[in-house]
Every structure is written in structure tokens, then in C-alpha cells.
>>> print(open('protein.tsv').read())   # TSV, C-alpha atoms
chain	number	residue	atom	x	y	z
G	462	MET	CA	-12.89	0.76	8.90
G	463	LYS	CA	-11.52	3.89	7.22
G	464	LEU	CA	-9.60	4.17	3.96
G	465	TYR	CA	-7.76	7.45	3.41
G	466	ASP	CA	-8.23	7.58	-0.30
G	467	LEU	CA	-7.65	9.30	-3.62
G	468	VAL	CA	-10.02	8.18	-6.35
G	469	LEU	CA	-7.35	8.58	-9.08
G	470	SER	CA	-4.70	6.53	-7.26
G	471	GLY	CA	-4.22	2.97	-8.46
G	472	ASN	CA	-2.78	2.03	-5.07
G	473	CYS	CA	-5.96	3.26	-3.34
G	474	TYR	CA	-8.12	1.61	-5.98
G	475	LYS	CA	-6.54	-1.80	-5.37
G	476	VAL	CA	-7.77	-1.60	-1.76
G	477	ARG	CA	-11.27	-0.51	-2.79
G	478	LEU	CA	-11.36	-3.26	-5.45
G	479	PHE	CA	-10.34	-6.05	-3.08
G	480	ALA	CA	-12.65	-4.81	-0.31
G	481	SER	CA	-15.47	-4.93	-2.85
G	482	PHE	CA	-14.56	-8.46	-3.95
G	483	ILE	CA	-14.74	-9.67	-0.34
G	484	ASP	CA	-17.80	-7.56	0.39
G	485	THR	CA	-16.14	-5.63	3.21
G	486	PRO	CA	-17.43	-2.09	3.67
G	487	LEU	CA	-14.95	0.80	3.85
G	488	THR	CA	-15.58	4.32	5.05
G	489	ILE	CA	-13.84	6.43	2.42
G	490	VAL	CA	-11.97	9.49	3.69
G	491	PRO	CA	-10.97	11.53	0.62
G	492	VAL	CA	-7.49	13.09	0.86
G	493	ASP	CA	-6.94	16.25	-1.18
G	494	PHE	CA	-3.76	15.00	-2.83
G	495	MET	CA	-3.62	17.75	-5.46
G	496	ASN	CA	-3.41	20.35	-2.68
G	497	GLY	CA	-0.84	18.37	-0.70
G	498	GLU	CA	-3.07	17.15	2.13
G	499	HIS	CA	-1.04	13.91	2.26
G	500	LYS	CA	1.91	15.97	3.53
G	501	THR	CA	-0.01	17.62	6.38
G	502	GLU	CA	0.69	16.84	10.01
G	503	ALA	CA	-2.57	14.93	10.45
G	504	ILE	CA	-1.75	12.49	7.65
G	505	LEU	CA	1.97	12.26	8.47
G	506	LYS	CA	0.97	11.21	11.97
G	507	LEU	CA	-0.88	8.24	10.44
G	508	ASN	CA	1.78	7.57	7.81
G	509	PRO	CA	5.24	9.18	8.06
G	510	TRP	CA	5.77	8.27	4.38
G	511	GLY	CA	3.17	10.94	3.50
G	512	GLU	CA	1.44	8.60	1.08
G	513	ILE	CA	-1.98	7.12	0.60
G	514	PRO	CA	-3.73	4.73	0.89
G	515	ILE	CA	-3.83	4.45	4.68
G	516	LEU	CA	-6.13	1.94	6.37
G	517	GLU	CA	-7.44	2.55	9.87
G	518	ASP	CA	-9.24	-0.39	11.51
G	519	GLY	CA	-9.72	0.40	15.18
G	520	SER	CA	-6.23	0.73	16.64
G	521	VAL	CA	-4.60	-0.80	13.53
G	522	ILE	CA	-3.12	1.77	11.14
G	523	LEU	CA	-1.44	0.57	7.96
G	524	ARG	CA	0.38	2.17	5.05
G	525	ASP	CA	1.42	0.41	1.79
G	526	SER	CA	-1.26	-1.03	-0.45
G	527	GLN	CA	0.27	-4.53	-0.52
G	528	ALA	CA	0.36	-4.71	3.29
G	529	ILE	CA	-3.25	-3.52	3.40
G	530	LEU	CA	-4.27	-6.30	0.99
G	531	VAL	CA	-2.52	-8.88	3.19
G	532	TYR	CA	-4.29	-7.49	6.27
G	533	LEU	CA	-7.74	-7.47	4.68
G	534	ALA	CA	-7.24	-10.96	3.25
G	535	ASN	CA	-6.09	-12.38	6.59
G	536	LYS	CA	-8.82	-10.71	8.58
G	537	TYR	CA	-11.81	-10.60	6.23
G	538	GLY	CA	-11.01	-12.31	2.91
G	539	GLY	CA	-9.88	-15.76	3.86
G	540	GLU	CA	-7.70	-18.53	2.55
G	541	ALA	CA	-8.81	-18.31	-1.10
G	542	TRP	CA	-7.32	-14.84	-1.59
G	543	TRP	CA	-4.15	-15.29	0.51
G	544	PRO	CA	-3.34	-18.96	0.97
G	545	SER	CA	-1.57	-20.01	4.17
G	546	GLU	CA	0.28	-22.99	2.70
G	547	ALA	CA	3.97	-22.07	2.33
G	548	HIS	CA	4.59	-22.44	-1.41
G	549	LEU	CA	1.19	-21.04	-2.40
G	550	GLN	CA	1.59	-17.97	-0.19
G	551	ALA	CA	5.11	-17.43	-1.57
G	552	ASP	CA	3.71	-17.67	-5.10
G	553	VAL	CA	1.29	-14.82	-4.32
G	554	MET	CA	4.07	-12.95	-2.55
G	555	GLN	CA	6.20	-12.96	-5.70
G	556	TRP	CA	3.48	-10.88	-7.37
G	557	LEU	CA	3.12	-8.49	-4.43
G	558	SER	CA	6.81	-7.73	-4.93
G	559	VAL	CA	6.18	-7.20	-8.65
G	560	ALA	CA	3.48	-4.68	-7.69
G	561	SER	CA	5.87	-2.86	-5.31
G	562	ASN	CA	8.82	-2.92	-7.66
G	563	GLU	CA	8.34	-3.38	-11.42
G	564	ILE	CA	4.74	-2.10	-11.63
G	565	GLN	CA	5.38	0.83	-9.30
G	566	HIS	CA	8.48	1.94	-11.25
G	567	GLY	CA	7.06	1.02	-14.67
G	568	PRO	CA	3.44	1.80	-15.64
G	569	ASN	CA	2.73	3.74	-12.44
G	570	VAL	CA	5.62	6.16	-13.02
G	571	ALA	CA	4.76	6.49	-16.75
G	572	ARG	CA	1.22	7.49	-15.74
G	573	LEU	CA	2.45	9.92	-13.09
G	574	ILE	CA	4.58	11.61	-15.75
G	575	LYS	CA	1.89	11.86	-18.44
G	576	LYS	CA	-1.19	12.43	-16.29
G	577	PHE	CA	0.15	14.30	-13.26
G	578	GLY	CA	3.25	16.04	-14.61
G	579	LEU	CA	5.82	14.18	-12.52
G	580	GLU	CA	9.33	15.10	-13.67
G	581	SER	CA	10.98	11.77	-14.33
G	582	ASP	CA	12.36	9.64	-17.16
G	583	TRP	CA	9.44	8.40	-19.29
G	584	GLU	CA	11.69	6.36	-21.60
G	585	GLN	CA	13.02	4.41	-18.62
G	586	ALA	CA	9.51	3.90	-17.21
G	587	SER	CA	8.30	2.75	-20.65
G	588	GLU	CA	11.18	0.29	-21.03
G	589	ARG	CA	10.51	-1.09	-17.55
G	590	SER	CA	6.79	-1.32	-18.33
G	591	HIS	CA	7.23	-3.36	-21.50
G	592	SER	CA	9.79	-5.58	-19.84
G	593	ILE	CA	7.39	-6.55	-17.02
G	594	LEU	CA	4.33	-6.62	-19.32
G	595	THR	CA	6.12	-9.15	-21.55
G	596	LEU	CA	6.92	-11.37	-18.56
G	597	ILE	CA	3.34	-11.16	-17.29
G	598	ASP	CA	1.87	-11.81	-20.73
G	599	ASN	CA	4.06	-14.89	-21.16
G	600	HIS	CA	3.06	-16.14	-17.71
G	601	LEU	CA	-0.63	-15.65	-18.46
G	602	GLY	CA	-0.22	-17.71	-21.64
G	603	SER	CA	-0.40	-20.80	-19.43
G	604	HIS	CA	-2.20	-19.47	-16.33
G	605	HIS	CA	-5.71	-18.14	-15.79
G	606	TRP	CA	-4.60	-16.05	-12.81
G	607	LEU	CA	-1.24	-14.71	-11.70
G	608	ALA	CA	-0.91	-17.10	-8.75
G	609	ALA	CA	-2.84	-20.24	-7.83
G	610	SER	CA	-5.78	-21.50	-9.91
G	611	ARG	CA	-8.16	-18.76	-8.75
G	612	PRO	CA	-8.03	-15.00	-8.23
G	613	THR	CA	-5.87	-13.91	-5.28
G	614	ILE	CA	-4.61	-10.60	-3.93
G	615	ALA	CA	-1.80	-10.99	-6.51
G	616	ASP	CA	-4.29	-10.12	-9.25
G	617	CYS	CA	-5.73	-7.21	-7.23
G	618	ALA	CA	-2.23	-5.79	-6.65
G	619	VAL	CA	-1.03	-6.00	-10.24
G	620	TYR	CA	-4.21	-5.09	-12.15
G	621	PRO	CA	-4.73	-1.38	-11.31
G	622	TYR	CA	-1.65	0.11	-12.98
G	623	ILE	CA	-1.86	-2.27	-15.95
G	624	SER	CA	-5.48	-1.38	-16.60
G	625	THR	CA	-4.59	2.34	-16.54
G	626	ALA	CA	-1.23	2.00	-18.34
G	627	HIS	CA	-2.63	3.74	-21.44
G	628	GLU	CA	-2.87	6.94	-19.38
G	629	GLY	CA	0.93	6.85	-19.25
G	630	ASP	CA	1.11	6.29	-23.02
G	631	ILE	CA	2.00	2.63	-22.49
G	632	ASP	CA	0.22	0.69	-25.22
G	633	ILE	CA	-0.91	-2.71	-23.94
G	634	ASP	CA	-3.11	-3.73	-26.89
G	635	SER	CA	-0.57	-6.25	-28.18
G	636	TYR	CA	-0.45	-8.17	-24.89
G	637	ARG	CA	-3.24	-10.61	-25.73
G	638	ASN	CA	-3.03	-12.77	-22.62
G	639	ILE	CA	-3.12	-9.69	-20.41
G	640	GLN	CA	-6.24	-8.50	-22.26
G	641	VAL	CA	-7.97	-11.83	-21.62
G	642	TRP	CA	-6.90	-11.82	-17.95
G	643	MET	CA	-8.16	-8.25	-17.43
G	644	ASN	CA	-11.46	-9.21	-18.96
G	645	ARG	CA	-11.64	-12.29	-16.71
G	646	LEU	CA	-11.01	-10.15	-13.63
G	647	GLN	CA	-13.65	-7.62	-14.70
G	648	GLN	CA	-16.23	-10.43	-14.80
G	649	LEU	CA	-15.73	-11.37	-11.13
G	650	PRO	CA	-18.69	-10.67	-8.84
G	651	ASN	CA	-18.52	-7.23	-7.18
G	652	TYR	CA	-15.89	-5.91	-9.61
G	653	ILE	CA	-15.64	-2.11	-9.51
G	654	SER	CA	-13.77	0.18	-11.89
G	655	MET	CA	-11.73	3.35	-11.40
G	656	PRO	CA	-11.52	6.40	-13.67
G	657	GLY	CA	-9.43	5.38	-16.69
G	658	ASN	CA	-9.89	1.63	-16.71
D	750	MET	CA	17.27	-27.16	-0.77
D	751	LYS	CA	19.24	-25.23	-3.41
D	752	LEU	CA	19.92	-21.53	-3.55
D	753	TYR	CA	21.08	-20.20	-6.91
D	754	ASP	CA	23.36	-17.55	-5.54
D	755	LEU	CA	25.78	-14.70	-6.11
D	756	VAL	CA	27.94	-13.90	-3.11
D	757	LEU	CA	28.00	-10.15	-3.89
D	758	SER	CA	24.21	-9.84	-4.26
D	759	GLY	CA	22.37	-8.35	-1.29
D	760	ASN	CA	19.19	-10.10	-2.42
D	761	CYS	CA	20.95	-13.48	-2.33
D	762	TYR	CA	22.61	-12.59	0.98
D	763	LYS	CA	19.26	-11.86	2.64
D	764	VAL	CA	18.25	-15.48	1.94
D	765	ARG	CA	21.57	-16.88	3.23
D	766	LEU	CA	21.31	-14.64	6.31
D	767	PHE	CA	17.78	-15.69	7.22
D	768	ALA	CA	18.49	-19.38	6.53
D	769	SER	CA	21.43	-19.07	8.90
D	770	PHE	CA	19.29	-17.41	11.60
D	771	ILE	CA	16.81	-20.29	11.46
D	772	ASP	CA	19.57	-22.89	11.13
D	773	THR	CA	18.28	-24.23	7.81
D	774	PRO	CA	20.98	-25.64	5.53
D	775	LEU	CA	21.15	-24.47	1.91
D	776	THR	CA	23.06	-26.04	-0.93
D	777	ILE	CA	24.65	-23.04	-2.64
D	778	VAL	CA	24.73	-23.13	-6.45
D	779	PRO	CA	26.95	-20.23	-7.55
D	780	VAL	CA	25.69	-18.41	-10.65
D	781	ASP	CA	28.34	-16.68	-12.77
D	782	PHE	CA	26.53	-13.34	-12.90
D	783	MET	CA	29.48	-11.39	-14.29
D	784	ASN	CA	29.50	-13.64	-17.36
D	785	GLY	CA	25.72	-13.51	-17.79
D	786	GLU	CA	24.88	-17.03	-16.59
D	787	HIS	CA	21.61	-15.65	-15.11
D	788	LYS	CA	20.41	-15.00	-18.69
D	789	THR	CA	21.12	-18.55	-19.94
D	790	GLU	CA	18.34	-20.93	-20.89
D	791	ALA	CA	18.91	-23.14	-17.82
D	792	ILE	CA	18.37	-20.24	-15.40
D	793	LEU	CA	15.56	-18.62	-17.42
D	794	LYS	CA	13.72	-21.92	-17.21
D	795	LEU	CA	13.81	-21.63	-13.41
D	796	ASN	CA	13.16	-17.87	-13.40
D	797	PRO	CA	11.95	-16.08	-16.55
D	798	TRP	CA	12.98	-12.79	-14.87
D	799	GLY	CA	16.62	-13.85	-15.35
D	800	GLU	CA	17.47	-12.83	-11.82
D	801	ILE	CA	18.88	-14.42	-8.72
D	802	PRO	CA	18.30	-15.56	-6.00
D	803	ILE	CA	16.24	-18.59	-6.99
D	804	LEU	CA	15.23	-21.15	-4.38
D	805	GLU	CA	14.59	-24.77	-5.33
D	806	ASP	CA	13.03	-26.94	-2.65
D	807	GLY	CA	11.91	-30.22	-4.21
D	808	SER	CA	9.26	-29.24	-6.76
D	809	VAL	CA	8.94	-25.71	-5.37
D	810	ILE	CA	10.84	-23.09	-7.38
D	811	LEU	CA	10.74	-19.47	-6.25
D	812	ARG	CA	12.14	-16.17	-7.47
D	813	ASP	CA	12.11	-12.83	-5.58
D	814	SER	CA	14.01	-12.59	-2.31
D	815	GLN	CA	10.99	-11.37	-0.31
D	816	ALA	CA	8.87	-14.31	-1.48
D	817	ILE	CA	11.70	-16.68	-0.58
D	818	LEU	CA	11.87	-15.20	2.94
D	819	VAL	CA	8.10	-15.69	3.34
D	820	TYR	CA	8.42	-19.29	2.15
D	821	LEU	CA	11.34	-20.15	4.43
D	822	ALA	CA	9.64	-18.48	7.41
D	823	ASN	CA	6.37	-20.32	6.83
D	824	LYS	CA	8.00	-23.67	6.26
D	825	TYR	CA	11.08	-23.64	8.51
D	826	GLY	CA	11.29	-20.43	10.53
D	827	GLY	CA	8.00	-20.24	12.37
D	828	GLU	CA	5.69	-17.67	13.87
D	829	ALA	CA	8.37	-15.48	15.47
D	830	TRP	CA	9.84	-14.42	12.12
D	831	TRP	CA	6.58	-14.13	10.14
D	832	PRO	CA	3.60	-13.75	12.47
D	833	SER	CA	0.27	-15.13	11.33
D	834	GLU	CA	-1.91	-12.62	13.22
D	835	ALA	CA	-3.39	-10.16	10.69
D	836	HIS	CA	-2.06	-6.81	11.89
D	837	LEU	CA	1.36	-8.19	12.88
D	838	GLN	CA	1.83	-9.89	9.53
D	839	ALA	CA	0.76	-6.70	7.73
D	840	ASP	CA	3.29	-4.74	9.80
D	841	VAL	CA	6.08	-7.03	8.55
D	842	MET	CA	4.62	-6.87	5.03
D	843	GLN	CA	4.97	-3.08	5.00
D	844	TRP	CA	8.73	-3.55	5.30
D	845	LEU	CA	8.88	-6.27	2.64
D	846	SER	CA	7.38	-3.67	0.29
D	847	VAL	CA	10.02	-1.16	1.43
D	848	ALA	CA	12.68	-3.74	0.52
D	849	SER	CA	11.11	-4.29	-2.95
D	850	ASN	CA	10.53	-0.62	-3.64
D	851	GLU	CA	12.49	2.07	-1.79
D	852	ILE	CA	15.54	-0.04	-0.87
D	853	GLN	CA	15.73	-1.68	-4.29
D	854	HIS	CA	15.56	1.66	-6.13
D	855	GLY	CA	17.61	3.57	-3.53
D	856	PRO	CA	20.77	2.08	-1.96
D	857	ASN	CA	20.73	-1.02	-4.17
D	858	VAL	CA	20.76	1.02	-7.39
D	859	ALA	CA	23.40	3.42	-5.97
D	860	ARG	CA	25.63	0.40	-5.26
D	861	LEU	CA	25.00	-1.12	-8.70
D	862	ILE	CA	26.13	2.16	-10.26
D	863	LYS	CA	29.27	2.64	-8.17
D	864	LYS	CA	30.36	-0.98	-7.74
D	865	PHE	CA	29.15	-2.70	-10.90
D	866	GLY	CA	29.04	0.14	-13.44
D	867	LEU	CA	25.27	0.19	-13.98
D	868	GLU	CA	24.31	3.17	-16.14
D	869	SER	CA	21.64	4.93	-14.16
D	870	ASP	CA	20.96	8.16	-12.26
D	871	TRP	CA	23.06	8.14	-9.06
D	872	GLU	CA	21.67	11.49	-7.86
D	873	GLN	CA	18.13	10.07	-7.99
D	874	ALA	CA	19.21	6.87	-6.24
D	875	SER	CA	21.00	8.92	-3.58
D	876	GLU	CA	17.96	11.14	-2.99
D	877	ARG	CA	15.74	8.07	-2.71
D	878	SER	CA	18.23	6.45	-0.35
D	879	HIS	CA	18.37	9.36	2.07
D	880	SER	CA	14.62	9.75	1.96
D	881	ILE	CA	14.02	6.14	3.04
D	882	LEU	CA	17.00	6.10	5.44
D	883	THR	CA	15.54	9.12	7.24
D	884	LEU	CA	12.15	7.40	7.60
D	885	ILE	CA	13.78	4.19	8.86
D	886	ASP	CA	16.06	6.07	11.27
D	887	ASN	CA	13.09	7.97	12.70
D	888	HIS	CA	11.14	4.73	13.08
D	889	LEU	CA	14.03	3.03	14.85
D	890	GLY	CA	14.18	5.92	17.32
D	891	SER	CA	11.28	4.28	19.13
D	892	HIS	CA	11.56	0.65	17.98
D	893	HIS	CA	14.21	-2.00	18.57
D	894	TRP	CA	13.27	-3.83	15.37
D	895	LEU	CA	11.48	-2.74	12.19
D	896	ALA	CA	8.30	-4.70	12.95
D	897	ALA	CA	7.07	-6.38	16.14
D	898	SER	CA	9.17	-6.46	19.32
D	899	ARG	CA	11.65	-9.00	18.01
D	900	PRO	CA	13.60	-9.60	14.79
D	901	THR	CA	11.44	-10.70	11.85
D	902	ILE	CA	12.00	-11.23	8.13
D	903	ALA	CA	11.40	-7.45	7.84
D	904	ASP	CA	14.85	-6.85	9.33
D	905	CYS	CA	16.43	-9.54	7.13
D	906	ALA	CA	14.89	-7.97	4.01
D	907	VAL	CA	15.91	-4.36	4.73
D	908	TYR	CA	19.36	-4.86	6.28
D	909	PRO	CA	21.51	-6.11	3.34
D	910	TYR	CA	21.42	-3.01	1.13
D	911	ILE	CA	21.64	-0.64	4.08
D	912	SER	CA	24.69	-2.39	5.49
D	913	THR	CA	26.39	-2.15	2.07
D	914	ALA	CA	25.10	1.34	1.18
D	915	HIS	CA	28.59	2.82	1.56
D	916	GLU	CA	29.63	0.81	-1.52
D	917	GLY	CA	27.22	3.04	-3.46
D	918	ASP	CA	28.73	6.17	-1.87
D	919	ILE	CA	25.68	6.55	0.37
D	920	ASP	CA	26.97	7.75	3.74
D	921	ILE	CA	24.91	6.28	6.58
D	922	ASP	CA	27.14	7.35	9.50
D	923	SER	CA	24.75	10.09	10.61
D	924	TYR	CA	21.79	7.71	10.98
D	925	ARG	CA	22.44	6.84	14.62
D	926	ASN	CA	19.39	4.65	15.18
D	927	ILE	CA	20.18	2.64	12.06
D	928	GLN	CA	23.73	2.12	13.35
D	929	VAL	CA	22.42	0.78	16.67
D	930	TRP	CA	19.89	-1.45	14.89
D	931	MET	CA	22.53	-2.88	12.54
D	932	ASN	CA	24.74	-3.61	15.52
D	933	ARG	CA	21.82	-5.27	17.30
D	934	LEU	CA	21.14	-7.49	14.28
D	935	GLN	CA	24.82	-8.41	14.00
D	936	GLN	CA	24.72	-9.71	17.59
D	937	LEU	CA	21.95	-12.24	16.86
D	938	PRO	CA	22.98	-15.91	17.09
D	939	ASN	CA	24.10	-17.35	13.73
D	940	TYR	CA	24.57	-13.92	12.13
D	941	ILE	CA	26.69	-14.11	8.96
D	942	SER	CA	28.18	-11.24	6.97
D	943	MET	CA	28.63	-10.62	3.25
D	944	PRO	CA	31.55	-8.92	1.48
D	945	GLY	CA	31.24	-5.19	2.20
D	946	ASN	CA	29.23	-5.20	5.43
>>> encode(input="protein.tsv", output="C-alpha cells")
Amino acid sequence: MKLYDLVLSGNCYKVRLFASFIDTPLTIVPVDFMNGEHKTEAILKLNPWGEIPILEDGSVILRDSQAILVYLANKYGGEAWWPSEAHLQADVMQWLSVASNEIQHGPNVARLIKKFGLESDWEQASERSHSILTLIDNHLGSHHWLAASRPTIADCAVYPYISTAHEGDIDIDSYRNIQVWMNRLQQLPNYISMPGN
Amino acid sequence: MKLYDLVLSGNCYKVRLFASFIDTPLTIVPVDFMNGEHKTEAILKLNPWGEIPILEDGSVILRDSQAILVYLANKYGGEAWWPSEAHLQADVMQWLSVASNEIQHGPNVARLIKKFGLESDWEQASERSHSILTLIDNHLGSHHWLAASRPTIADCAVYPYISTAHEGDIDIDSYRNIQVWMNRLQQLPNYISMPGN
């Protein structure tokens, strides 16, 4: 199973992290993002979005890190990480949307601006970051994990761009419950880090 | 089952639309969005995000329209709308992320600016809209539906803000495959419209 990957991408890292948690080996195919390899014909054929990560598992080809987490959980991770019961799965799903929406356009964009020179509105990204960080911190005041009573793919999806938020000049030191949750996640068996977290 | 609803919200409409497709009755609780009712204590207790839709089904309370679609499909809609097989479910999931990310920050934001006076960057929202509309139009050149060979919650999630994109001054007339797909969706049994589409 191949992962088209960039080591500095939080979206790629969330796939590597979850695959490690469930002890599923990935063949890493590095994509030279800085030189625009993700916009070449070979990659666009796999993913017309021109983005990574891309997962290739036999004839199955998937873009979007949240969809890849759902696939890996269904196929290799099992019920604990992606529950099948309706209200539990929807609870996890709420956080996959947070990863696609508020996290993507908050701490991820702030980091792209400060670390990779993206031309965009840092003030807006910062405001969005603190808005979602406040909601998450409040939630974690009464929950050990984002969804359910155990780690799920919700935690894997949300963690990467929070744990690297400081690279976008988003200070998360004051979010005490988030600090405790990050530490809890880092203690899970098979946890792996990425540069910056 | 209660839906806290705003008739002009595409995110609320996607829930009403899917519930209609699967013939599941909803008790509509109108929320006075224009006067800020979604930021009152009663609503914040149900959804700390201060957003609608919110679904209340007995003791289950859910925010986020994509999570609500997943819940309704699992509980009332069945396999056809939200397949359980790993790669098929991940295929649908890719489009739920598109709804949370590119559609939310593209045609939805453009409409919020033009129709509701949101202060934000219309040029950026327009660029994002045409970027995702081009990808969707290309995809629909060789697919009848966004995922699988039949309508799924992917179509329900992506359709609302495309069918009302013109209200954000996003012209979709030139996207021929999208036009055909919208028409196809509108012909499904129990289709309902919203103001503007």
C-alpha cells in the first residue's frame, strides 16, 4: 500500500500517524512538493486536485486525508477507531469536518503563510484558529478524547495542525486541556512525530 | 426527530433534502438567525459552535451537516446512500470533505457576502468556487453521480451551495456536466427545493 507523501505536510502525517497506531505498513513515495511534483501529469492522474496525500491500495486510489483515515479504519483499523453505530460514527464525523474546515482554514493556513510563504490573510487564519482552539479546549475540559471514550480517527485528524500550530505563530500554550490531550495522544503505543511537533 | 433549521441555509437544506429522499419525517424548529438566536444560551447548549443545523433525535444531539447526513444514512437511509464497504465509503467521504472545505469556503462564502452582507474576500471565494466547480464538472463528465453509480449523501452534501451559487454571483452556466447532474438530482423521487434553487 503506497502513500504519496510529503514529510512536512500535516495532512500526510495524519495518515502516517494512524497507520502506525494500527500497525499497518505503508510504502512511502516522497513527492517533491517544493518543486511542484504534485502538479505533474503523473500525480494529477492519481488525484486531479493536485494535492497530497494520495493512498494507493491495489486498484483503490484515494485523495483527501479524512477519506483515507476512514478507508484505513474500515479496512485495517477496526471498530474502535471508526465506530459503526450511528450516533458514535456521527460523533467522530463531526470532528472530521472540523479537520476539513476549521483546522484546514485556521492553523493549517497560518502555518502555510509563516513557514511556506503562502500569500493569504494571517489575521483571519489566526482569528479562525483561536476560535476553534477555544471550542476544542472547552470540549476537552470534560472529555479525554475528541469523540467516544477512547482515541478514534477524530483525534488523528485534528492533532497534526494543532501540534504544529506554533509554526504558524499561533500560540497554544494557554489551552491547557489541549496540552493534556496532546500529551495523552503522544503516549499511545506506536505514536510517531513529525518535524515541528 | 427535531431539526433546528433556517430555511435560507444550504447546510440546513441538505438535511431536509436527504430526509425527504429517505422519507424520514423531521420536526422543523425554525431558528431566528437574522436576530442572532443561534448565539443564545439555549442553542449554544445544544451546539457550542453556535451554528445550525442541529439535529436532536432522542438523546442524540448533532451539529455539522455532514455528520448529520452520516447519522441519518446509517440509522434511516441504508447502504445505498452511505455504503459500508471500505473503498466505497471512502469515495463518498472524499466528497463530504469537499462539502466541508472547498464548497464551504467557495460558493457558500460568495453567497454569504452577496446575499447576507458578510464582510469577506469575494474574489478569493470566487476563485475557490471556480477551481472546485471545474474539478467537479470534469469528474461528472464520466460519472452520473459524485460517488458510486447511484445517488449518495455525497450528492446531497455538495448540491445545495452549487444550486444556489448564482446568489453569490458565481456563474455556473458554463459547467455543462454540473447542469446535467443537478437536473438528474432534481428528478429523484421526493426531491424538494429551497429558496433560490
>>> interface_residues(input="protein.tsv", of="chain D", to="chain G", cutoff="9 Å", atoms="all atoms listed in the file", output="number ranges by chain")
D: 797-798, 809-824, 833-851, 853-854, 881, 884, 888
>>> write_last_selection(input="protein.tsv", atoms="C-alpha atoms", output="PDB file, in the coordinates of the input")
ATOM      1  CA  PRO D 797      11.950 -16.080 -16.550  1.00  0.00           C
ATOM      2  CA  TRP D 798      12.980 -12.790 -14.870  1.00  0.00           C
ATOM      3  CA  VAL D 809       8.940 -25.710  -5.370  1.00  0.00           C
ATOM      4  CA  ILE D 810      10.840 -23.090  -7.380  1.00  0.00           C
ATOM      5  CA  LEU D 811      10.740 -19.470  -6.250  1.00  0.00           C
ATOM      6  CA  ARG D 812      12.140 -16.170  -7.470  1.00  0.00           C
ATOM      7  CA  ASP D 813      12.110 -12.830  -5.580  1.00  0.00           C
ATOM      8  CA  SER D 814      14.010 -12.590  -2.310  1.00  0.00           C
ATOM      9  CA  GLN D 815      10.990 -11.370  -0.310  1.00  0.00           C
ATOM     10  CA  ALA D 816       8.870 -14.310  -1.480  1.00  0.00           C
ATOM     11  CA  ILE D 817      11.700 -16.680  -0.580  1.00  0.00           C
ATOM     12  CA  LEU D 818      11.870 -15.200   2.940  1.00  0.00           C
ATOM     13  CA  VAL D 819       8.100 -15.690   3.340  1.00  0.00           C
ATOM     14  CA  TYR D 820       8.420 -19.290   2.150  1.00  0.00           C
ATOM     15  CA  LEU D 821      11.340 -20.150   4.430  1.00  0.00           C
ATOM     16  CA  ALA D 822       9.640 -18.480   7.410  1.00  0.00           C
ATOM     17  CA  ASN D 823       6.370 -20.320   6.830  1.00  0.00           C
ATOM     18  CA  LYS D 824       8.000 -23.670   6.260  1.00  0.00           C
ATOM     19  CA  SER D 833       0.270 -15.130  11.330  1.00  0.00           C
ATOM     20  CA  GLU D 834      -1.910 -12.620  13.220  1.00  0.00           C
ATOM     21  CA  ALA D 835      -3.390 -10.160  10.690  1.00  0.00           C
ATOM     22  CA  HIS D 836      -2.060  -6.810  11.890  1.00  0.00           C
ATOM     23  CA  LEU D 837       1.360  -8.190  12.880  1.00  0.00           C
ATOM     24  CA  GLN D 838       1.830  -9.890   9.530  1.00  0.00           C
ATOM     25  CA  ALA D 839       0.760  -6.700   7.730  1.00  0.00           C
ATOM     26  CA  ASP D 840       3.290  -4.740   9.800  1.00  0.00           C
ATOM     27  CA  VAL D 841       6.080  -7.030   8.550  1.00  0.00           C
ATOM     28  CA  MET D 842       4.620  -6.870   5.030  1.00  0.00           C
ATOM     29  CA  GLN D 843       4.970  -3.080   5.000  1.00  0.00           C
ATOM     30  CA  TRP D 844       8.730  -3.550   5.300  1.00  0.00           C
ATOM     31  CA  LEU D 845       8.880  -6.270   2.640  1.00  0.00           C
ATOM     32  CA  SER D 846       7.380  -3.670   0.290  1.00  0.00           C
ATOM     33  CA  VAL D 847      10.020  -1.160   1.430  1.00  0.00           C
ATOM     34  CA  ALA D 848      12.680  -3.740   0.520  1.00  0.00           C
ATOM     35  CA  SER D 849      11.110  -4.290  -2.950  1.00  0.00           C
ATOM     36  CA  ASN D 850      10.530  -0.620  -3.640  1.00  0.00           C
ATOM     37  CA  GLU D 851      12.490   2.070  -1.790  1.00  0.00           C
ATOM     38  CA  GLN D 853      15.730  -1.680  -4.290  1.00  0.00           C
ATOM     39  CA  HIS D 854      15.560   1.660  -6.130  1.00  0.00           C
ATOM     40  CA  ILE D 881      14.020   6.140   3.040  1.00  0.00           C
ATOM     41  CA  LEU D 884      12.150   7.400   7.600  1.00  0.00           C
ATOM     42  CA  HIS D 888      11.140   4.730  13.080  1.00  0.00           C
TER      43      HIS D 888
END
>>> residues_around(input="protein.tsv", residues="D:Val858", least_positions_apart="6", cutoff="8 Å", atoms="all atoms listed in the file", output="PDB file with C-alpha atoms, in the coordinates of the input")
ATOM      1  CA  SER D 869      21.640   4.930 -14.160  1.00  0.00           C
ATOM      2  CA  TRP D 871      23.060   8.140  -9.060  1.00  0.00           C
ATOM      3  CA  ALA D 874      19.210   6.870  -6.240  1.00  0.00           C
ATOM      4  CA  GLY D 917      27.220   3.040  -3.460  1.00  0.00           C
TER       5      GLY D 917
END
>>> residues_around(input="protein.tsv", residues="stretch 926-931 of chain D", least_positions_apart="5", cutoff="9 Å", atoms="all atoms listed in the file", output="CSV table (one decimal) with C-alpha atoms, in the coordinates of the input")
chain,number,residue,atom,x,y,z
D,882,LEU,CA,17.0,6.1,5.4
D,885,ILE,CA,13.8,4.2,8.9
D,886,ASP,CA,16.1,6.1,11.3
D,887,ASN,CA,13.1,8.0,12.7
D,888,HIS,CA,11.1,4.7,13.1
D,889,LEU,CA,14.0,3.0,14.8
D,890,GLY,CA,14.2,5.9,17.3
D,893,HIS,CA,14.2,-2.0,18.6
D,894,TRP,CA,13.3,-3.8,15.4
D,895,LEU,CA,11.5,-2.7,12.2
D,908,TYR,CA,19.4,-4.9,6.3
D,911,ILE,CA,21.6,-0.6,4.1
D,912,SER,CA,24.7,-2.4,5.5
D,921,ILE,CA,24.9,6.3,6.6
D,936,GLN,CA,24.7,-9.7,17.6
>>> closest_residue(input="protein.tsv", among="D:Pro856, D:Gly826, D:Pro774, D:Gly866", to="D:Thr901", atoms="all atoms listed in the file")
D:Gly826
>>> residues_around(input="protein.tsv", residues="stretch 464-475 of chain G", least_positions_apart="3", cutoff="7 Å", atoms="only C-alpha atoms", output="PyMOL selection string")
chain G and resi 478-479+487-492+494+513-517+526+617-618+621-622+655-656
>>> atom_distance(input="protein.tsv", atom1="atom CA of D:Glu800", atom2="atom CA of G:Val476")
29.4 Å
>>> atom_distance(input="protein.tsv", atom1="atom CA of D:Gly799", atom2="atom CA of D:Ser769")
25.3 Å
>>> axis_aligned_box(input="protein.tsv", around="stretch 913-931 of chain D", padding_each_side="3 Å", output="JSON")
{"center_x": 24.5, "center_y": 3.6, "center_z": 6.6, "size_x": 16.2, "size_y": 19.0, "size_z": 26.1}
>>> closest_residue(input="protein.tsv", among="D:Glu828, D:Asp918, D:Glu786, D:Asp772", to="D:Glu876", atoms="only C-alpha atoms")
D:Asp918
>>> atom_distance(input="protein.tsv", atom1="atom CA of G:Ser654", atom2="atom CA of G:Asp634")
18.8 Å
